[in-house]
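Trainee: I'd like to ask you about the structure that follows.
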Amino acid sequence: MPHLTDQLSAYLDGTLTPEEAAAVASHLAECAECRGTLDDLQAVRNLLRAVPDRAPHPSLLPRTLARVGAAPHRKVAPRWMIAAAGAAVGLALLLQVRLLPTPHTDRAAGIWYFQQHAVFAAAHPMTDVALASYLSSVLPYEVLREWSATPQNP
Amino acid sequence: MVRNSTESLVRVALLWVLVGAMAAPARAGPIPQPLLQAVRARAAVAYRGEQIVVAWEGAAKAQASLVRIEHDPPAWTRLDYVPLGPSLRWTVIRRDTVEIRFDPLRLTGTTGPRASTDEDAFETVHLPWLLENYRIATAQDALLGRKVTRVELVPSAGDRPTHRLTVDDETGVVLRSERIGPDGSLGEVTAFLRFEIMPVGWRRNATMPAGLHLTPQARVRTASAADIIRVLGGPPVGVAVPAGFHKTGEYLTGDGPVVQTIYSDGLSTLVVYQRRGSVASPPQGSRVVPTPAGPIWVQRLGLRTLVHWSHAGRVLTMVGEVSRAGLQIAAERTGIASAPRIWDRLLVWLQELVRSY
Amino acid sequence: MTSAHVTLNSTLPVDELAHTTDVTSARDRFAELLAAHWDRAYRFAYHLTGNAADSDDLIQQAAEEAFRAFHRFQPGTRFDRWFFRIMHNSFVDRIRRDRRRKIFSLDEVTGAVTSDAADPSAIAEGALDGPVLRALHALPPDARAVIALVDLVGLPYDDAAEILHCPVGTVRSRLHRARLALREWLRPYVDAMKRGDL
């Protein structure tokens, strides 16, 4: 039997039917090279699974929800606008004027820093139990409140 | 001859006594009993009651809430907030190492880590700092039909809040607290309206409400030296902090690019956020303050101030219950990068523009 | 000393959320569904784009598109399949646009993929994400997408097939070829993993 190809990945992921799996198993019993490949695939999968979880910035979800269904989002700038912007930039260099506020899409709200500070400050044993939680809770509920107050329905 | 050697022996002995006295940790006095009790009460005393919590955000704006409390340490604390004013209600439950917050009507909310303390370390490490940095005065009083001690903690440094606590003599629970800003204005007040001691274990069978839809918040974990170098692309830059603050820990949130360093002066907490970068993208809500060395960005929320700037290829944000002047001095002593060259800012702006195309 | 604790990963009920009363607005329903799948969606976006700034953009844009099309979403069906497909389509569009001009990438994961000696300190500290993510990002977008869905987000083949709009057999063969490619780039780490050094 020729060497196994993508059946090996499917075998590793458990997506073969019992008959197919039995056929693969019996081939593996006799083929050292395919066994080696299976081990390699498993190692690659383990390396991938070991990559730590990427957590989004805590303010990203509230910001996203706030934008959804809101007034027109960024329009795509047609090509000619880039050229015009280029000229304006040149002018700005001369006049030392800020053209736009720095458009960092993931710039944290100041309130996120305050909230994190309150989370750490809450660890102090003399901090009032209710106050600590109150101070660190302010942000999410401000945003949720805005969200639920809108009467629009798409 | 014998007299001389006795003299020199005595002199040597005196010298050792002196050395011994200097080597002993400088203590500003004994720890007042009410303070010790207050430190231990949160983890030891079970109670229920109702409090009012008021926090001033600026001179004219205050947020206030009633809160119903169930406290059964170590495993259960439930706080049901009923804000005064047009805000939604919300509930906080702390169970073991987790804190969840949710809207009790919609049952949506978040779940996240709960920062907790090692009480023994606190008493041996933090309390001495507290005694160094604050002058303590006490007086007897009565509140809610209970005997209490009023404790006032006044900072030696003039840039952070004064704390006034009303501590229950029997249990050490803080029945009322006030925090007053360095300018004398009231920043935060909490006070029990109803208070009742309960036996420990009284909420042993408490359960989380059913049907909650919770979004996990980013994990917070201790940052190792290797983590810090990896996140910052090099060793952390030294940061000057206001007098009396000592480092207590270093953390990463989620897998983000920010290292958080926590400091304490025994009572007040200071957090410094550090990340790689040379153009300080200012936090939303802050405003720029030009200084002789370069720009810093400032934001205030009640007793807390945030100062944000860049230095030595790092972007730094410092948040604490310290006046703006105090944090600005810390920033100046650390070093402030001059305003980014217009070229750098234009390049960043162009990259953003092209990316959004 | 203060010490922080690890968060609890709560299991989120998935499509029960779609069966809410008519009183709640579409916006509320959308918000709840998005929140329930948020972390996994972000993980997919991050591994597709390779950096935080682009993944933030991608997920925000996809959320806006998804909300505009929300009337077409059948309540009770799999929101994650539907939303991930929108994200993937948005990503593919972006790539087509980007090919027309050179883009500055604000990548945190930079540097050439190399298959020479593994970095021993990375192995010792278990800090493998650098080399692994670099290798992942060197894959062509199709291959990267299928690895992201199956191995990094943990979805079954049929979910991936729905999301990528292709037959299950294609998912299987693409996945296999992608894993073999990663095996070549990550050879020293694969060997270390097989030896039990990791």
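Please note that chains go A, B, ... in the order of the structure tokens, that every chain numbers its residues from 1, and that ligands are numbered from 1 in the order shown.
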Do you know which residues are at most 8 Å from region 127-129 of chain A counting only C-alpha atoms, after dropping those on the same chain fewer than 6 positions away, and could you put them as a PyMOL selection string?
Mentor: (chain A and resi 121) or (chain B and resi 42+174+177+190)
Trainee: With only C-alpha atoms as the counted atoms, please give the residues lying no more than 9 Å from Leu61 (chain A), apart from itself and same-chain residues fewer than 4 positions off, as a list in words.
Mentor: Pro56, His57, Leu65 and Ala66 of chain A; Leu34, Ala35, Trp38 and Gln60 of chain C
Trainee: Using only C-alpha atoms and a cut-off of 6 Å, which residues of chain A sit close to chain B? Please list them as a PDB file with C-alpha atoms, in the first residue's frame.
Mentor:
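The result, written out as result23.pdb:
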```
ATOM      1  CA  ARG A  54      -4.116  35.893  22.699  1.00  0.00           C
ATOM      2  CA  ALA A  55      -6.471  37.977  24.779  1.00  0.00           C
ATOM      3  CA  VAL A  76     -12.537  54.139   1.981  1.00  0.00           C
ATOM      4  CA  ALA A 108      -6.652  52.592  25.449  1.00  0.00           C
ATOM      5  CA  ALA A 109      -9.167  54.782  27.166  1.00  0.00           C
ATOM      6  CA  GLY A 110      -7.661  56.486  30.205  1.00  0.00           C
ATOM      7  CA  ALA A 121      -5.740  48.748  45.004  1.00  0.00           C
ATOM      8  CA  ALA A 123      -6.011  43.955  47.297  1.00  0.00           C
ATOM      9  CA  PRO A 125      -6.928  44.627  53.268  1.00  0.00           C
ATOM     10  CA  MET A 126      -8.041  47.950  54.680  1.00  0.00           C
TER      11      MET A 126
END
```
Trainee: Mind listing as an mmCIF file with N, CA and C atoms, in the first residue's frame which residues of chain A are within 8 Å of chain C, counting only C-alpha atoms?
Mentor:
```cif
data_model
loop_
_atom_site.group_PDB
_atom_site.id
_atom_site.type_symbol
_atom_site.label_atom_id
_atom_site.label_comp_id
_atom_site.auth_asym_id
_atom_site.auth_seq_id
_atom_site.Cartn_x
_atom_site.Cartn_y
_atom_site.Cartn_z
ATOM 1 N N THR A 5 -1.314 9.853 3.049
ATOM 2 C CA THR A 5 -1.170 11.316 2.945
ATOM 3 C C THR A 5 -2.132 11.972 3.940
ATOM 4 N N ASP A 6 -3.141 12.690 3.426
ATOM 5 C CA ASP A 6 -3.954 13.453 4.381
ATOM 6 C C ASP A 6 -4.819 12.569 5.283
ATOM 7 N N LEU A 8 -3.585 10.682 7.275
ATOM 8 C CA LEU A 8 -2.871 10.718 8.550
ATOM 9 C C LEU A 8 -3.362 11.866 9.425
ATOM 10 N N SER A 9 -3.543 13.040 8.803
ATOM 11 C CA SER A 9 -4.043 14.171 9.591
ATOM 12 C C SER A 9 -5.452 13.893 10.103
ATOM 13 N N ALA A 10 -6.271 13.312 9.214
ATOM 14 C CA ALA A 10 -7.639 13.017 9.619
ATOM 15 C C ALA A 10 -7.644 11.981 10.738
ATOM 16 N N THR A 15 -11.244 12.164 12.582
ATOM 17 C CA THR A 15 -12.383 12.426 11.701
ATOM 18 C C THR A 15 -12.612 11.316 10.667
ATOM 19 N N ASP A 39 3.935 10.833 14.017
ATOM 20 C CA ASP A 39 4.554 11.453 15.198
ATOM 21 C C ASP A 39 4.882 12.921 14.936
ATOM 22 N N ASP A 40 5.387 13.187 13.726
ATOM 23 C CA ASP A 40 5.709 14.573 13.377
ATOM 24 C C ASP A 40 4.454 15.447 13.418
ATOM 25 N N LEU A 41 3.383 14.909 12.829
ATOM 26 C CA LEU A 41 2.141 15.703 12.784
ATOM 27 C C LEU A 41 1.643 15.994 14.199
ATOM 28 N N ALA A 43 3.464 16.216 16.827
ATOM 29 C CA ALA A 43 4.352 17.210 17.436
ATOM 30 C C ALA A 43 4.009 18.609 16.942
ATOM 31 N N VAL A 44 3.738 18.728 15.656
ATOM 32 C CA VAL A 44 3.370 20.054 15.111
ATOM 33 C C VAL A 44 2.085 20.539 15.773
ATOM 34 N N ARG A 45 1.131 19.624 15.899
ATOM 35 C CA ARG A 45 -0.138 20.022 16.511
ATOM 36 C C ARG A 45 0.072 20.446 17.966
ATOM 37 N N LEU A 47 2.825 21.723 19.216
ATOM 38 C CA LEU A 47 3.482 23.030 19.212
ATOM 39 C C LEU A 47 2.448 24.133 19.015
ATOM 40 N N LEU A 48 1.517 23.907 18.108
ATOM 41 C CA LEU A 48 0.494 24.925 17.855
ATOM 42 C C LEU A 48 -0.404 25.102 19.080
ATOM 43 N N ARG A 49 -0.760 23.993 19.686
ATOM 44 C CA ARG A 49 -1.650 24.093 20.843
ATOM 45 C C ARG A 49 -0.977 24.751 22.029
ATOM 46 N N ALA A 50 0.364 24.732 22.033
ATOM 47 C CA ALA A 50 1.086 25.333 23.153
ATOM 48 C C ALA A 50 1.183 26.847 23.036
ATOM 49 N N VAL A 51 0.796 27.398 21.888
ATOM 50 C CA VAL A 51 0.849 28.853 21.749
ATOM 51 C C VAL A 51 -0.148 29.467 22.726
ATOM 52 N N PRO A 52 0.309 30.394 23.578
ATOM 53 C CA PRO A 52 -0.626 30.909 24.589
ATOM 54 C C PRO A 52 -1.760 31.704 23.938
ATOM 55 N N ASP A 53 -2.874 31.726 24.610
ATOM 56 C CA ASP A 53 -4.042 32.445 24.114
ATOM 57 C C ASP A 53 -3.789 33.926 23.996
ATOM 58 N N ARG A 54 -4.266 34.466 22.914
ATOM 59 C CA ARG A 54 -4.116 35.893 22.699
ATOM 60 C C ARG A 54 -5.371 36.570 23.208
ATOM 61 N N ALA A 55 -5.263 37.326 24.264
ATOM 62 C CA ALA A 55 -6.471 37.977 24.779
ATOM 63 C C ALA A 55 -6.639 39.346 24.131
ATOM 64 N N PRO A 56 -7.844 39.677 23.732
ATOM 65 C CA PRO A 56 -8.056 41.013 23.183
ATOM 66 C C PRO A 56 -7.962 42.069 24.270
ATOM 67 N N LEU A 60 -11.792 46.500 23.864
ATOM 68 C CA LEU A 60 -12.128 46.286 22.451
ATOM 69 C C LEU A 60 -13.592 45.924 22.251
ATOM 70 N N LEU A 61 -14.113 45.039 23.085
ATOM 71 C CA LEU A 61 -15.516 44.651 22.895
ATOM 72 C C LEU A 61 -16.468 45.823 23.112
ATOM 73 N N THR A 64 -16.185 48.101 20.163
ATOM 74 C CA THR A 64 -16.771 47.519 18.947
ATOM 75 C C THR A 64 -18.287 47.628 18.990
ATOM 76 N N LEU A 65 -18.862 47.272 20.141
ATOM 77 C CA LEU A 65 -20.312 47.336 20.266
ATOM 78 C C LEU A 65 -20.815 48.759 20.100
ATOM 79 N N ARG A 67 -19.582 51.029 18.258
ATOM 80 C CA ARG A 67 -19.522 51.465 16.860
ATOM 81 C C ARG A 67 -20.554 50.779 15.983
ATOM 82 N N VAL A 68 -20.923 49.566 16.361
ATOM 83 C CA VAL A 68 -21.829 48.793 15.505
ATOM 84 C C VAL A 68 -23.170 49.505 15.392
ATOM 85 N N GLY A 69 -23.635 49.665 14.152
ATOM 86 C CA GLY A 69 -24.934 50.310 13.977
ATOM 87 C C GLY A 69 -24.918 51.798 14.213
ATOM 88 N N THR A 105 -5.934 52.877 16.419
ATOM 89 C CA THR A 105 -7.198 52.201 16.645
ATOM 90 C C THR A 105 -7.244 51.470 17.976
ATOM 91 N N ASP A 106 -6.067 51.143 18.532
ATOM 92 C CA ASP A 106 -6.156 50.431 19.794
ATOM 93 C C ASP A 106 -5.598 51.264 20.943
ATOM 94 N N ALA A 123 -6.685 44.999 46.542
ATOM 95 C CA ALA A 123 -6.011 43.955 47.297
ATOM 96 C C ALA A 123 -5.649 44.409 48.707
ATOM 97 N N HIS A 124 -5.578 45.704 48.936
ATOM 98 C CA HIS A 124 -5.196 46.200 50.261
ATOM 99 C C HIS A 124 -6.275 45.796 51.257
ATOM 100 N N SER A 148 -27.660 50.057 25.998
ATOM 101 C CA SER A 148 -29.050 49.652 26.154
ATOM 102 C C SER A 148 -30.013 50.822 26.052
ATOM 103 N N ASN A 153 -33.751 50.266 16.304
ATOM 104 C CA ASN A 153 -33.774 48.847 15.955
ATOM 105 C C ASN A 153 -33.485 48.757 14.480
ATOM 106 N N PRO A 154 -32.487 47.989 14.088
ATOM 107 C CA PRO A 154 -32.183 47.975 12.641
ATOM 108 C C PRO A 154 -33.311 47.344 11.849
#
```
Trainee: From the options B:Leu107, B:Ile31, B:Leu252, B:Ala206, which residue's atoms come nearest to Ala137 (chain B), counting only C-alpha atoms?
Mentor: B:Ile31
Trainee: Measuring atom to atom with only C-alpha atoms, identify which of C:Arg96, C:His88, C:His165, C:Arg144 is nearest to chain B.
Mentor: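 Checking each of C:Arg96, C:His88, C:His165, C:Arg144 against chain B, counting only C-alpha atoms, the winner is C:Arg96.
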Trainee: Could you pull the residues within 7 Å of Glu196 (chain B), counting only C-alpha atoms, minus those fewer than 6 positions along the same chain, as a ChimeraX atom specification?
Mentor: /B:47-49
Trainee: Looking at C:Thr170, C:Asn51, C:Asn89, C:Thr77, which one is nearest to chain B, with distances taken over only C-alpha atoms?
Mentor: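 Selected residue with least distance to chain B: C:Asn51.
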Trainee: From the DSSP assignment of the backbone, select every residue of region 144-307 of chain B that is strand (DSSP E or B), and format the answer as a VMD selection string.
Mentor: chain B and resid 146 to 155 162 to 168 174 to 180 186 to 198 213 to 216 220 to 222 246 to 253 259 to 264 269 to 276 284 287 to 290 295 to 301 304 to 307
Trainee: Create the file for the chosen residues now, containing C-alpha atoms and written as a tab-separated table (two decimals), in the first residue's frame.
Mentor:
```tsv
chain	number	residue	atom	x	y	z
B	146	ARG	CA	-21.37	50.16	68.71
B	147	LYS	CA	-18.14	51.33	70.35
B	148	VAL	CA	-15.71	52.47	67.71
B	149	THR	CA	-12.29	54.06	67.33
B	150	ARG	CA	-11.79	56.87	64.86
B	151	VAL	CA	-8.40	56.51	63.18
B	152	GLU	CA	-6.91	59.28	61.10
B	153	LEU	CA	-3.98	58.57	58.79
B	154	VAL	CA	-2.29	61.71	57.53
B	155	PRO	CA	0.45	61.35	54.93
B	162	THR	CA	-5.72	61.49	54.17
B	163	HIS	CA	-7.74	58.51	55.36
B	164	ARG	CA	-10.25	58.66	58.20
B	165	LEU	CA	-11.53	55.30	59.34
B	166	THR	CA	-14.13	54.44	61.93
B	167	VAL	CA	-13.18	51.00	63.21
B	168	ASP	CA	-15.51	48.79	65.23
B	174	VAL	CA	-14.40	49.57	59.14
B	175	LEU	CA	-17.89	50.97	59.60
B	176	ARG	CA	-17.19	54.27	57.92
B	177	SER	CA	-14.35	55.65	55.88
B	178	GLU	CA	-13.51	58.95	54.31
B	179	ARG	CA	-10.69	59.78	51.96
B	180	ILE	CA	-9.77	63.41	51.63
B	186	LEU	CA	-13.68	64.99	50.07
B	187	GLY	CA	-12.88	62.30	47.52
B	188	GLU	CA	-14.65	59.17	48.72
B	189	VAL	CA	-16.99	58.31	51.56
B	190	THR	CA	-18.43	54.98	52.56
B	191	ALA	CA	-20.67	54.37	55.55
B	192	PHE	CA	-22.75	51.53	56.85
B	193	LEU	CA	-26.43	52.34	57.29
B	194	ARG	CA	-27.21	48.91	58.69
B	195	PHE	CA	-24.66	46.45	60.06
B	196	GLU	CA	-24.96	43.01	61.64
B	197	ILE	CA	-22.23	40.52	62.58
B	198	MET	CA	-22.93	36.98	61.32
B	213	HIS	CA	-23.78	34.95	30.27
B	214	LEU	CA	-20.29	36.10	31.24
B	215	THR	CA	-17.43	37.39	29.14
B	216	PRO	CA	-14.02	36.48	30.55
B	220	VAL	CA	-3.48	38.88	35.04
B	221	ARG	CA	-0.34	36.96	35.87
B	222	THR	CA	2.97	37.65	37.54
B	246	HIS	CA	7.96	50.53	47.38
B	247	LYS	CA	7.60	47.99	44.60
B	248	THR	CA	5.32	45.08	45.44
B	249	GLY	CA	4.85	43.20	42.18
B	250	GLU	CA	5.02	43.08	38.41
B	251	TYR	CA	2.29	41.74	36.15
B	252	LEU	CA	1.18	41.16	32.59
B	253	THR	CA	-2.45	41.34	31.50
B	259	VAL	CA	4.12	45.41	31.94
B	260	GLN	CA	2.36	46.66	35.09
B	261	THR	CA	4.46	47.38	38.14
B	262	ILE	CA	2.67	47.90	41.43
B	263	TYR	CA	3.95	50.05	44.28
B	264	SER	CA	2.59	50.72	47.74
B	269	THR	CA	-1.37	52.00	45.57
B	270	LEU	CA	0.56	53.26	42.56
B	271	VAL	CA	0.68	51.46	39.21
B	272	VAL	CA	3.18	52.08	36.45
B	273	TYR	CA	2.47	50.70	32.99
B	274	GLN	CA	5.41	50.32	30.64
B	275	ARG	CA	5.39	49.32	26.98
B	276	ARG	CA	7.69	49.55	24.01
B	284	GLN	CA	-8.39	58.79	25.39
B	287	ARG	CA	-4.96	66.27	27.88
B	288	VAL	CA	-1.43	67.32	27.06
B	289	VAL	CA	0.71	69.39	29.44
B	290	PRO	CA	3.95	70.74	28.01
B	295	PRO	CA	5.05	66.73	26.69
B	296	ILE	CA	3.15	64.66	29.25
B	297	TRP	CA	-0.55	63.75	29.18
B	298	VAL	CA	-2.68	64.05	32.28
B	299	GLN	CA	-6.10	62.78	33.32
B	300	ARG	CA	-7.89	62.91	36.64
B	301	LEU	CA	-10.63	60.79	38.10
B	304	ARG	CA	-6.59	59.48	41.20
B	305	THR	CA	-4.30	61.02	38.63
B	306	LEU	CA	-2.88	59.51	35.48
B	307	VAL	CA	0.30	60.79	33.87
```
Trainee: Pull the alpha helix (DSSP H) assignments for region 130-175 of chain C out of DSSP run on the backbone, and list those residues as an NGL selection string.
Mentor: :C and (130-138 or 141-147 or 157-164 or 168-175)
Trainee: Quick one, how far is CA of Leu135 (chain A) from CA of Ala118 (chain A)?
Mentor: 6.1 Å
Trainee: Would you pick out the contacts of Asp159 (chain C) at 10 Å or less, using only C-alpha atoms, so that residues sharing its chain but fewer than 3 positions from it are not included, and give the list as JSON, numbers by chain?
Mentor: {"C": [78, 80, 81, 82, 84, 85, 149, 150, 154, 155, 156, 162, 163, 164, 165, 168, 171]}
